[in-house]
>>> print(open('model29.csv').read())   # CSV, C-alpha atoms
chain,number,residue,atom,x,y,z
J,1,MET,CA,65.0,-47.3,-3.3
J,2,TYR,CA,63.2,-46.0,-6.2
J,3,LYS,CA,65.9,-47.1,-8.6
J,4,GLN,CA,65.6,-50.6,-7.2
J,5,TYR,CA,61.8,-50.6,-7.9
J,6,LEU,CA,62.4,-49.4,-11.4
J,7,LYS,CA,65.0,-52.1,-12.0
J,8,GLN,CA,62.6,-54.8,-10.7
J,9,ALA,CA,59.8,-53.5,-12.9
J,10,TRP,CA,62.0,-53.4,-16.0
J,11,THR,CA,63.2,-57.0,-15.3
J,12,LEU,CA,59.6,-58.2,-15.0
J,13,LEU,CA,58.7,-56.4,-18.3
J,14,LYS,CA,61.5,-58.1,-20.1
J,15,GLN,CA,60.6,-61.6,-18.7
J,16,ASN,CA,57.0,-61.3,-19.9
J,17,ARG,CA,57.3,-59.2,-23.0
J,18,PHE,CA,54.1,-60.2,-24.7
J,19,PHE,CA,51.8,-59.7,-21.7
J,20,SER,CA,53.7,-56.6,-20.7
J,21,ALA,CA,53.0,-55.1,-24.2
J,22,VAL,CA,49.3,-56.1,-24.0
J,23,TYR,CA,49.0,-54.5,-20.5
J,24,ILE,CA,50.7,-51.3,-21.6
J,25,ILE,CA,48.8,-50.9,-24.9
J,26,GLY,CA,45.5,-51.7,-23.2
J,27,THR,CA,46.1,-49.2,-20.4
J,28,GLY,CA,47.1,-46.6,-23.0
J,29,LEU,CA,44.0,-47.2,-25.1
J,30,ALA,CA,41.7,-47.0,-22.1
J,31,ILE,CA,43.2,-43.7,-21.0
J,32,SER,CA,43.0,-42.3,-24.5
J,33,MET,CA,39.3,-43.3,-24.9
J,34,VAL,CA,38.4,-41.7,-21.6
J,35,MET,CA,40.2,-38.5,-22.7
J,36,VAL,CA,38.5,-38.5,-26.1
J,37,LEU,CA,35.0,-38.9,-24.5
J,38,ALA,CA,35.8,-36.1,-22.0
J,39,ILE,CA,36.9,-33.8,-24.9
J,40,VAL,CA,33.9,-34.6,-27.0
J,41,PHE,CA,31.5,-34.0,-24.0
J,42,HIS,CA,33.2,-30.7,-23.3
J,43,ILE,CA,33.0,-29.6,-26.9
J,44,ARG,CA,29.3,-30.5,-27.1
J,45,THR,CA,28.3,-28.8,-23.9
J,46,ALA,CA,30.7,-25.9,-23.1
J,47,ASN,CA,30.1,-22.4,-24.3
J,48,MET,CA,31.9,-22.3,-27.7
J,49,ALA,CA,31.4,-20.0,-30.6
J,50,PRO,CA,29.1,-19.9,-32.5
J,51,GLU,CA,27.1,-21.6,-29.7
J,52,ALA,CA,28.6,-19.3,-27.1
J,53,ASP,CA,25.6,-19.1,-24.7
J,54,ARG,CA,24.7,-22.8,-24.3
J,55,ASP,CA,24.4,-22.5,-20.5
J,56,ARG,CA,21.6,-19.9,-21.0
J,57,MET,CA,19.8,-21.6,-23.8
J,58,LEU,CA,16.6,-23.7,-24.0
J,59,LEU,CA,15.9,-25.8,-27.0
J,60,VAL,CA,12.3,-26.6,-28.1
J,61,PRO,CA,12.7,-29.0,-31.1
J,62,ARG,CA,9.2,-30.4,-31.4
J,63,ALA,CA,5.5,-30.2,-30.5
J,64,ALA,CA,2.7,-32.6,-30.2
J,65,ALA,CA,-0.8,-32.0,-31.7
J,66,ILE,CA,-3.4,-34.3,-30.1
J,67,SER,CA,-6.8,-34.7,-31.5
J,68,LYS,CA,-9.6,-33.6,-29.1
J,69,ASN,CA,-11.6,-36.6,-30.1
J,70,GLU,CA,-8.5,-38.8,-29.3
J,71,GLN,CA,-8.4,-40.2,-32.9
J,72,GLY,CA,-4.9,-39.1,-33.7
J,73,MET,CA,-1.7,-37.4,-32.8
J,74,PHE,CA,1.1,-35.6,-34.6
J,75,ASN,CA,4.6,-35.4,-33.1
J,76,SER,CA,6.9,-33.2,-35.1
J,77,ASN,CA,8.7,-29.8,-35.3
J,78,LEU,CA,6.8,-26.6,-34.9
J,79,SER,CA,4.8,-24.6,-37.5
J,80,PRO,CA,5.4,-20.8,-38.1
J,81,LYS,CA,2.0,-20.2,-36.6
J,82,THR,CA,2.9,-22.0,-33.3
J,83,VAL,CA,6.2,-20.2,-33.1
J,84,LYS,CA,4.5,-16.8,-33.6
J,85,GLU,CA,1.8,-17.4,-31.1
J,86,CYS,CA,3.7,-19.3,-28.4
J,87,PHE,CA,7.3,-18.2,-28.6
J,88,TYR,CA,7.9,-14.9,-30.3
J,89,THR,CA,5.6,-13.3,-27.8
J,90,LEU,CA,7.5,-14.5,-24.7
J,91,LYS,CA,8.5,-11.6,-22.4
J,92,THR,CA,11.0,-13.3,-20.0
J,93,PRO,CA,13.8,-14.4,-22.4
J,94,GLU,CA,16.4,-12.2,-23.8
J,95,LEU,CA,15.9,-13.5,-27.3
J,96,VAL,CA,13.9,-16.1,-29.3
J,97,ALA,CA,15.2,-17.5,-32.6
J,98,VAL,CA,14.1,-20.4,-34.9
J,99,GLY,CA,15.7,-22.6,-37.5
J,100,THR,CA,15.1,-25.9,-39.3
J,101,ASN,CA,16.9,-29.1,-38.7
J,102,PRO,CA,19.0,-29.6,-41.9
J,103,ASP,CA,18.1,-33.3,-42.0
J,104,ASN,CA,14.4,-32.5,-41.9
J,105,LEU,CA,14.8,-30.0,-44.7
J,106,ASN,CA,16.5,-32.6,-46.8
J,107,TYR,CA,13.4,-34.8,-46.2
J,108,LEU,CA,11.1,-32.0,-47.4
J,109,LEU,CA,13.2,-30.9,-50.4
J,110,GLY,CA,15.5,-33.8,-51.2
J,111,ASP,CA,19.2,-33.0,-52.1
J,112,ILE,CA,20.0,-29.3,-52.3
J,113,TYR,CA,22.6,-27.9,-54.7
J,114,ALA,CA,24.2,-24.5,-55.1
J,115,LYS,CA,25.9,-23.1,-58.1
J,116,LEU,CA,26.7,-19.9,-60.0
J,117,PRO,CA,24.0,-18.5,-62.3
J,118,GLY,CA,24.7,-20.0,-65.7
J,119,GLY,CA,27.4,-22.3,-64.3
J,120,THR,CA,27.6,-26.0,-64.8
J,121,ASP,CA,29.4,-27.0,-61.6
J,122,GLN,CA,26.9,-27.5,-58.7
J,123,TYR,CA,27.7,-28.4,-55.1
J,124,LYS,CA,25.6,-30.5,-52.8
J,125,SER,CA,24.9,-28.4,-49.7
J,126,MET,CA,23.6,-28.8,-46.2
J,127,VAL,CA,21.1,-26.0,-45.9
J,128,MET,CA,19.5,-24.5,-42.8
J,129,CYS,CA,16.5,-22.1,-42.8
J,130,THR,CA,16.4,-19.5,-40.0
J,131,ASP,CA,14.9,-16.2,-38.9
J,132,ALA,CA,16.8,-12.9,-38.5
J,133,ASN,CA,17.2,-13.4,-34.7
J,134,PHE,CA,19.4,-16.4,-35.5
J,135,TRP,CA,22.3,-14.1,-36.4
J,136,LYS,CA,21.9,-12.2,-33.1
J,137,MET,CA,21.7,-15.3,-30.9
J,138,PHE,CA,24.7,-17.2,-32.4
J,139,HIS,CA,28.2,-15.8,-32.6
J,140,PHE,CA,29.4,-16.5,-36.1
J,141,ARG,CA,32.6,-15.0,-37.4
J,142,PHE,CA,31.9,-13.1,-40.6
J,143,ILE,CA,34.6,-12.8,-43.2
J,144,ASP,CA,32.4,-10.7,-45.5
J,145,GLY,CA,29.0,-9.0,-45.2
J,146,ASN,CA,26.7,-10.0,-42.4
J,147,GLY,CA,23.5,-11.9,-41.6
J,148,TYR,CA,20.1,-10.9,-43.2
J,149,PRO,CA,18.2,-8.3,-41.2
J,150,GLU,CA,14.7,-8.5,-39.8
J,151,GLU,CA,13.1,-6.5,-42.7
J,152,ASP,CA,14.6,-8.8,-45.3
J,153,PHE,CA,13.4,-11.9,-43.4
J,154,GLN,CA,9.8,-10.5,-43.0
J,155,SER,CA,9.7,-9.5,-46.7
J,156,GLY,CA,10.9,-13.0,-47.8
J,157,MET,CA,13.9,-11.5,-49.5
J,158,ARG,CA,16.1,-14.2,-51.0
J,159,LYS,CA,19.3,-13.7,-49.0
J,160,VAL,CA,21.9,-16.3,-48.2
J,161,VAL,CA,24.8,-16.7,-45.9
J,162,LEU,CA,27.6,-19.1,-47.0
J,163,THR,CA,30.5,-20.8,-45.2
J,164,GLU,CA,34.0,-19.9,-46.3
J,165,THR,CA,34.5,-23.3,-47.9
J,166,MET,CA,31.2,-23.1,-49.9
J,167,ALA,CA,32.0,-19.6,-51.0
J,168,ARG,CA,35.4,-20.7,-52.3
J,169,LYS,CA,33.8,-23.7,-54.1
J,170,ILE,CA,31.2,-21.6,-55.9
J,171,PHE,CA,33.0,-18.3,-56.5
J,172,GLY,CA,36.7,-19.2,-55.9
J,173,LYS,CA,36.9,-16.4,-53.3
J,174,THR,CA,35.2,-15.2,-50.1
J,175,THR,CA,34.5,-11.5,-50.7
J,176,VAL,CA,31.2,-12.2,-52.5
J,177,ALA,CA,28.6,-10.2,-50.5
J,178,GLY,CA,25.9,-9.0,-52.9
J,179,MET,CA,26.6,-11.5,-55.6
J,180,PRO,CA,24.0,-13.9,-57.0
J,181,VAL,CA,24.0,-17.7,-56.3
J,182,LEU,CA,21.5,-20.3,-57.3
J,183,VAL,CA,20.1,-22.6,-54.6
J,184,ASN,CA,18.1,-25.4,-56.3
J,185,GLU,CA,17.9,-23.2,-59.4
J,186,VAL,CA,16.4,-20.3,-57.4
J,187,GLU,CA,18.4,-17.1,-57.3
J,188,TYR,CA,19.6,-15.7,-54.0
J,189,ARG,CA,21.9,-12.8,-53.1
J,190,VAL,CA,24.8,-13.4,-50.8
J,191,SER,CA,24.3,-11.5,-47.5
J,192,GLY,CA,27.5,-12.7,-45.9
J,193,VAL,CA,30.3,-15.3,-45.6
J,194,VAL,CA,31.2,-16.9,-42.2
J,195,LYS,CA,34.1,-19.1,-41.0
J,196,ASP,CA,33.4,-22.8,-41.4
J,197,VAL,CA,31.3,-24.3,-38.6
J,198,SER,CA,32.2,-27.7,-37.1
J,199,SER,CA,29.6,-30.4,-37.4
J,200,VAL,CA,29.8,-30.8,-33.6
J,201,MET,CA,27.8,-27.5,-33.4
J,202,SER,CA,24.6,-29.4,-34.0
J,203,LEU,CA,22.3,-26.4,-33.5
J,204,VAL,CA,23.8,-24.3,-36.3
J,205,TYR,CA,25.9,-26.5,-38.5
J,206,ALA,CA,25.2,-26.0,-42.3
J,207,ASP,CA,26.9,-25.0,-45.5
J,208,ILE,CA,24.2,-22.4,-46.4
J,209,TRP,CA,21.7,-20.5,-44.3
J,210,ILE,CA,18.6,-18.8,-45.8
J,211,PRO,CA,15.5,-17.1,-44.4
J,212,TYR,CA,12.7,-19.7,-43.9
J,213,THR,CA,10.3,-17.1,-45.3
J,214,THR,CA,11.7,-17.8,-48.8
J,215,LEU,CA,10.6,-21.4,-48.8
J,216,SER,CA,6.9,-22.3,-49.1
J,217,SER,CA,7.8,-25.9,-48.2
J,218,VAL,CA,8.7,-24.6,-44.7
J,219,THR,CA,6.1,-21.8,-44.3
J,220,GLU,CA,3.3,-24.1,-45.5
J,221,SER,CA,4.6,-27.3,-44.0
J,222,SER,CA,2.1,-27.7,-41.2
J,223,ASN,CA,-0.5,-30.2,-40.0
J,224,ALA,CA,-3.1,-30.5,-37.3
J,225,GLU,CA,-4.5,-26.9,-37.5
J,226,ASN,CA,-1.1,-25.6,-38.2
J,227,ILE,CA,0.4,-26.7,-34.9
J,228,VAL,CA,3.3,-28.8,-36.2
J,229,GLY,CA,5.7,-28.0,-39.0
J,230,ALA,CA,9.4,-27.8,-39.8
J,231,LEU,CA,10.9,-25.4,-37.2
J,232,GLN,CA,12.7,-25.7,-33.9
J,233,VAL,CA,13.0,-22.9,-31.3
J,234,TYR,CA,16.0,-21.6,-29.5
J,235,ILE,CA,15.3,-19.5,-26.4
J,236,LEU,CA,18.1,-17.4,-24.8
J,237,ALA,CA,17.5,-16.7,-21.1
J,238,ARG,CA,19.0,-13.7,-19.4
J,239,LYS,CA,20.3,-16.2,-16.9
J,240,ALA,CA,19.9,-19.9,-16.4
J,241,ALA,CA,17.9,-19.3,-13.2
J,242,ASP,CA,15.1,-17.9,-15.5
J,243,PHE,CA,14.5,-21.4,-17.0
J,244,PRO,CA,11.5,-22.2,-14.7
J,245,ILE,CA,10.0,-18.8,-15.2
J,246,ILE,CA,10.3,-19.2,-19.0
J,247,ARG,CA,8.7,-22.6,-18.9
J,248,LYS,CA,5.8,-21.2,-16.9
J,249,GLU,CA,5.3,-18.4,-19.4
J,250,MET,CA,5.4,-21.0,-22.2
J,251,GLU,CA,2.7,-23.0,-20.5
J,252,GLN,CA,0.5,-19.9,-20.2
J,253,LYS,CA,1.0,-19.3,-24.0
J,254,ARG,CA,0.2,-22.9,-24.8
J,255,LEU,CA,-3.1,-22.8,-22.8
J,256,LEU,CA,-4.1,-19.5,-24.5
J,257,TYR,CA,-3.2,-20.9,-27.9
J,258,ASN,CA,-5.3,-24.0,-27.4
J,259,VAL,CA,-8.4,-21.8,-26.8
J,260,SER,CA,-8.2,-20.8,-30.5
J,261,LEU,CA,-8.0,-24.4,-31.8
J,262,LYS,CA,-11.1,-26.5,-32.6
J,263,GLU,CA,-9.9,-30.0,-33.5
J,264,TYR,CA,-6.5,-30.4,-31.9
J,265,GLN,CA,-4.6,-29.2,-28.9
J,266,TYR,CA,-1.0,-28.3,-28.7
J,267,GLU,CA,0.9,-30.2,-26.1
J,268,PHE,CA,4.1,-28.6,-24.9
J,269,ARG,CA,7.3,-30.6,-25.1
J,270,ASP,CA,9.4,-29.2,-22.3
J,271,GLY,CA,12.2,-26.8,-23.2
J,272,ILE,CA,15.4,-28.7,-22.8
J,273,PRO,CA,18.5,-26.9,-21.5
J,274,TYR,CA,21.1,-27.3,-24.3
J,275,THR,CA,23.6,-28.9,-21.9
J,276,GLN,CA,21.0,-31.7,-21.2
J,277,LYS,CA,19.7,-32.3,-24.7
>>> encode(input="model29.csv", output="structure tokens")
Amino acid sequence: MYKQYLKQAWTLLKQNRFFSAVYIIGTGLAISMVMVLAIVFHIRTANMAPEADRDRMLLVPRAAAISKNEQGMFNSNLSPKTVKECFYTLKTPELVAVGTNPDNLNYLLGDIYAKLPGGTDQYKSMVMCTDANFWKMFHFRFIDGNGYPEEDFQSGMRKVVLTETMARKIFGKTTVAGMPVLVNEVEYRVSGVVKDVSSVMSLVYADIWIPYTTLSSVTESSNAENIVGALQVYILARKAADFPIIRKEMEQKRLLYNVSLKEYQYEFRDGIPYTQK
């Protein structure tokens, strides 16, 4: 019986070759598109290194500073002061880390180039500024060295982490921890080299990572009583069920922070679970 069905189908295909080809190709493309969308969605939301804890992560990318006399409002990333007062002091999360959006950093600094001291070849780079907790929160694979520690971050030591590709471009090799490199003509020391990161990993993707304490354009980039700036916050919960508790604690910190402000008030932009961003 099945052979008869197959023969009939084959006969119909041969009788209407053009439309049969259109139907087959169209069906194949539709199935392929659905598969691609499913794969992309999985890659962007599943726990995948270095973003291996997405299901436990809240993202706070921006803040609003509203004038108390209702004459203006700023809606931007967060300042170091706001991060310090409202997020680093949180007790419920397992860890709090911060970083800059590379596109926003390019807006502040323009194009960023890296090269060897005294060298002539320079390489346009995607740079991200972070704190020391960034290297604890995200699971990078280090080929050489490691991330910069808390004491170097707090001291504003010029340390840098490179991707494998960027290290090869600049030095011709990847075992370069401790060597000097110029980032926009400012000398940094290589702290470590990591495996390349896919651009799909939007929270961490860059060619170069440096402590944000080494850039005055980030530490001093703030408006509206230092509420808004250039930083975004990553909050790692001990478990996803803690999200409501963390948000409640964040709201308490916001209210306390606003007591110290005279002209503006900080309006909390709800922490977004990474899988819903």
>>> closest_atom_pairs(input="model29.csv", of="stretch 175-199 of chain J", to="stretch 128-146 of chain J", cutoff="10 Å", atoms="all atoms listed in the file", output="tab-separated table")
residue	atom	partner	partner_atom	distance
J:Thr175	CA	J:Asp144	CA	5.7
J:Val176	CA	J:Asp144	CA	7.3
J:Ala177	CA	J:Gly145	CA	5.4
J:Gly178	CA	J:Gly145	CA	8.3
J:Val190	CA	J:Gly145	CA	8.3
J:Ser191	CA	J:Gly145	CA	5.8
J:Gly192	CA	J:Gly145	CA	4.1
J:Val193	CA	J:Asp144	CA	5.1
J:Val194	CA	J:Phe142	CA	4.2
J:Lys195	CA	J:Arg141	CA	5.7
J:Asp196	CA	J:Arg141	CA	8.8
J:Val197	CA	J:Phe140	CA	8.4
>>> closest_residue(input="model29.csv", among="J:Phe171, J:Tyr212, J:Phe153, J:Tyr148", to="J:Thr100", atoms="all atoms listed in the file")
J:Tyr212
>>> residues_around(input="model29.csv", residues="J:Ile227", least_positions_apart="3", cutoff="7 Å", atoms="all atoms listed in the file", output="list in words")
Ala65, Leu78, Ser79, Lys81, Thr82, Ser222, Asn223, Ala224 and Tyr266 of chain J
>>> closest_residue(input="model29.csv", among="J:Met201, J:Ala206, J:Val98, J:Leu37", to="J:Leu231", atoms="only C-alpha atoms")
J:Val98
>>> atom_distance(input="model29.csv", atom1="atom CA of J:Leu162", atom2="atom CA of J:Pro80")
24.0 Å
>>> atom_distance(input="model29.csv", atom1="atom CA of J:Arg158", atom2="atom CA of J:Tyr234")
22.7 Å
>>> build_atoms(input="model29.csv", residues="stretch 65-81 of chain J", atoms="N, CA and C atoms", output="short mmCIF file (atom, residue, chain, number, x, y, z; two decimals), in the frame of the given file")
data_model
loop_
_atom_site.label_atom_id
_atom_site.label_comp_id
_atom_site.auth_asym_id
_atom_site.auth_seq_id
_atom_site.Cartn_x
_atom_site.Cartn_y
_atom_site.Cartn_z
N ALA J 65 0.61 -32.46 -31.40
CA ALA J 65 -0.80 -32.00 -31.70
C ALA J 65 -1.67 -33.22 -31.45
N ILE J 66 -2.52 -33.14 -30.45
CA ILE J 66 -3.40 -34.30 -30.10
C ILE J 66 -4.82 -33.96 -30.42
N SER J 67 -5.42 -34.86 -31.14
CA SER J 67 -6.80 -34.70 -31.50
C SER J 67 -7.71 -34.65 -30.29
N LYS J 68 -8.66 -33.70 -30.28
CA LYS J 68 -9.60 -33.60 -29.10
C LYS J 68 -10.52 -34.75 -29.02
N ASN J 69 -10.75 -35.44 -30.13
CA ASN J 69 -11.60 -36.60 -30.10
C ASN J 69 -10.77 -37.91 -29.90
N GLU J 70 -9.45 -37.70 -29.63
CA GLU J 70 -8.50 -38.80 -29.30
C GLU J 70 -8.40 -39.80 -30.49
N GLN J 71 -8.53 -39.31 -31.72
CA GLN J 71 -8.40 -40.20 -32.90
C GLN J 71 -7.07 -40.09 -33.57
N GLY J 72 -6.19 -39.25 -33.10
CA GLY J 72 -4.90 -39.10 -33.70
C GLY J 72 -3.98 -38.17 -33.03
N MET J 73 -2.70 -38.25 -33.37
CA MET J 73 -1.70 -37.40 -32.80
C MET J 73 -0.58 -37.14 -33.77
N PHE J 74 -0.07 -35.93 -33.84
CA PHE J 74 1.10 -35.60 -34.60
C PHE J 74 2.22 -35.20 -33.65
N ASN J 75 3.40 -35.72 -33.88
CA ASN J 75 4.60 -35.40 -33.10
C ASN J 75 5.68 -34.96 -34.00
N SER J 76 5.97 -33.67 -34.09
CA SER J 76 6.90 -33.20 -35.10
C SER J 76 7.52 -31.87 -34.61
N ASN J 77 8.21 -31.19 -35.54
CA ASN J 77 8.70 -29.80 -35.30
C ASN J 77 7.52 -28.87 -35.21
N LEU J 78 7.81 -27.59 -35.06
CA LEU J 78 6.80 -26.60 -34.90
C LEU J 78 6.47 -25.85 -36.16
N SER J 79 5.23 -25.37 -36.30
CA SER J 79 4.80 -24.60 -37.50
C SER J 79 5.17 -23.10 -37.20
N PRO J 80 5.27 -22.27 -38.27
CA PRO J 80 5.40 -20.80 -38.10
C PRO J 80 4.35 -20.21 -37.22
N LYS J 81 3.12 -20.71 -37.35
CA LYS J 81 2.00 -20.20 -36.60
C LYS J 81 2.24 -20.44 -35.07
#
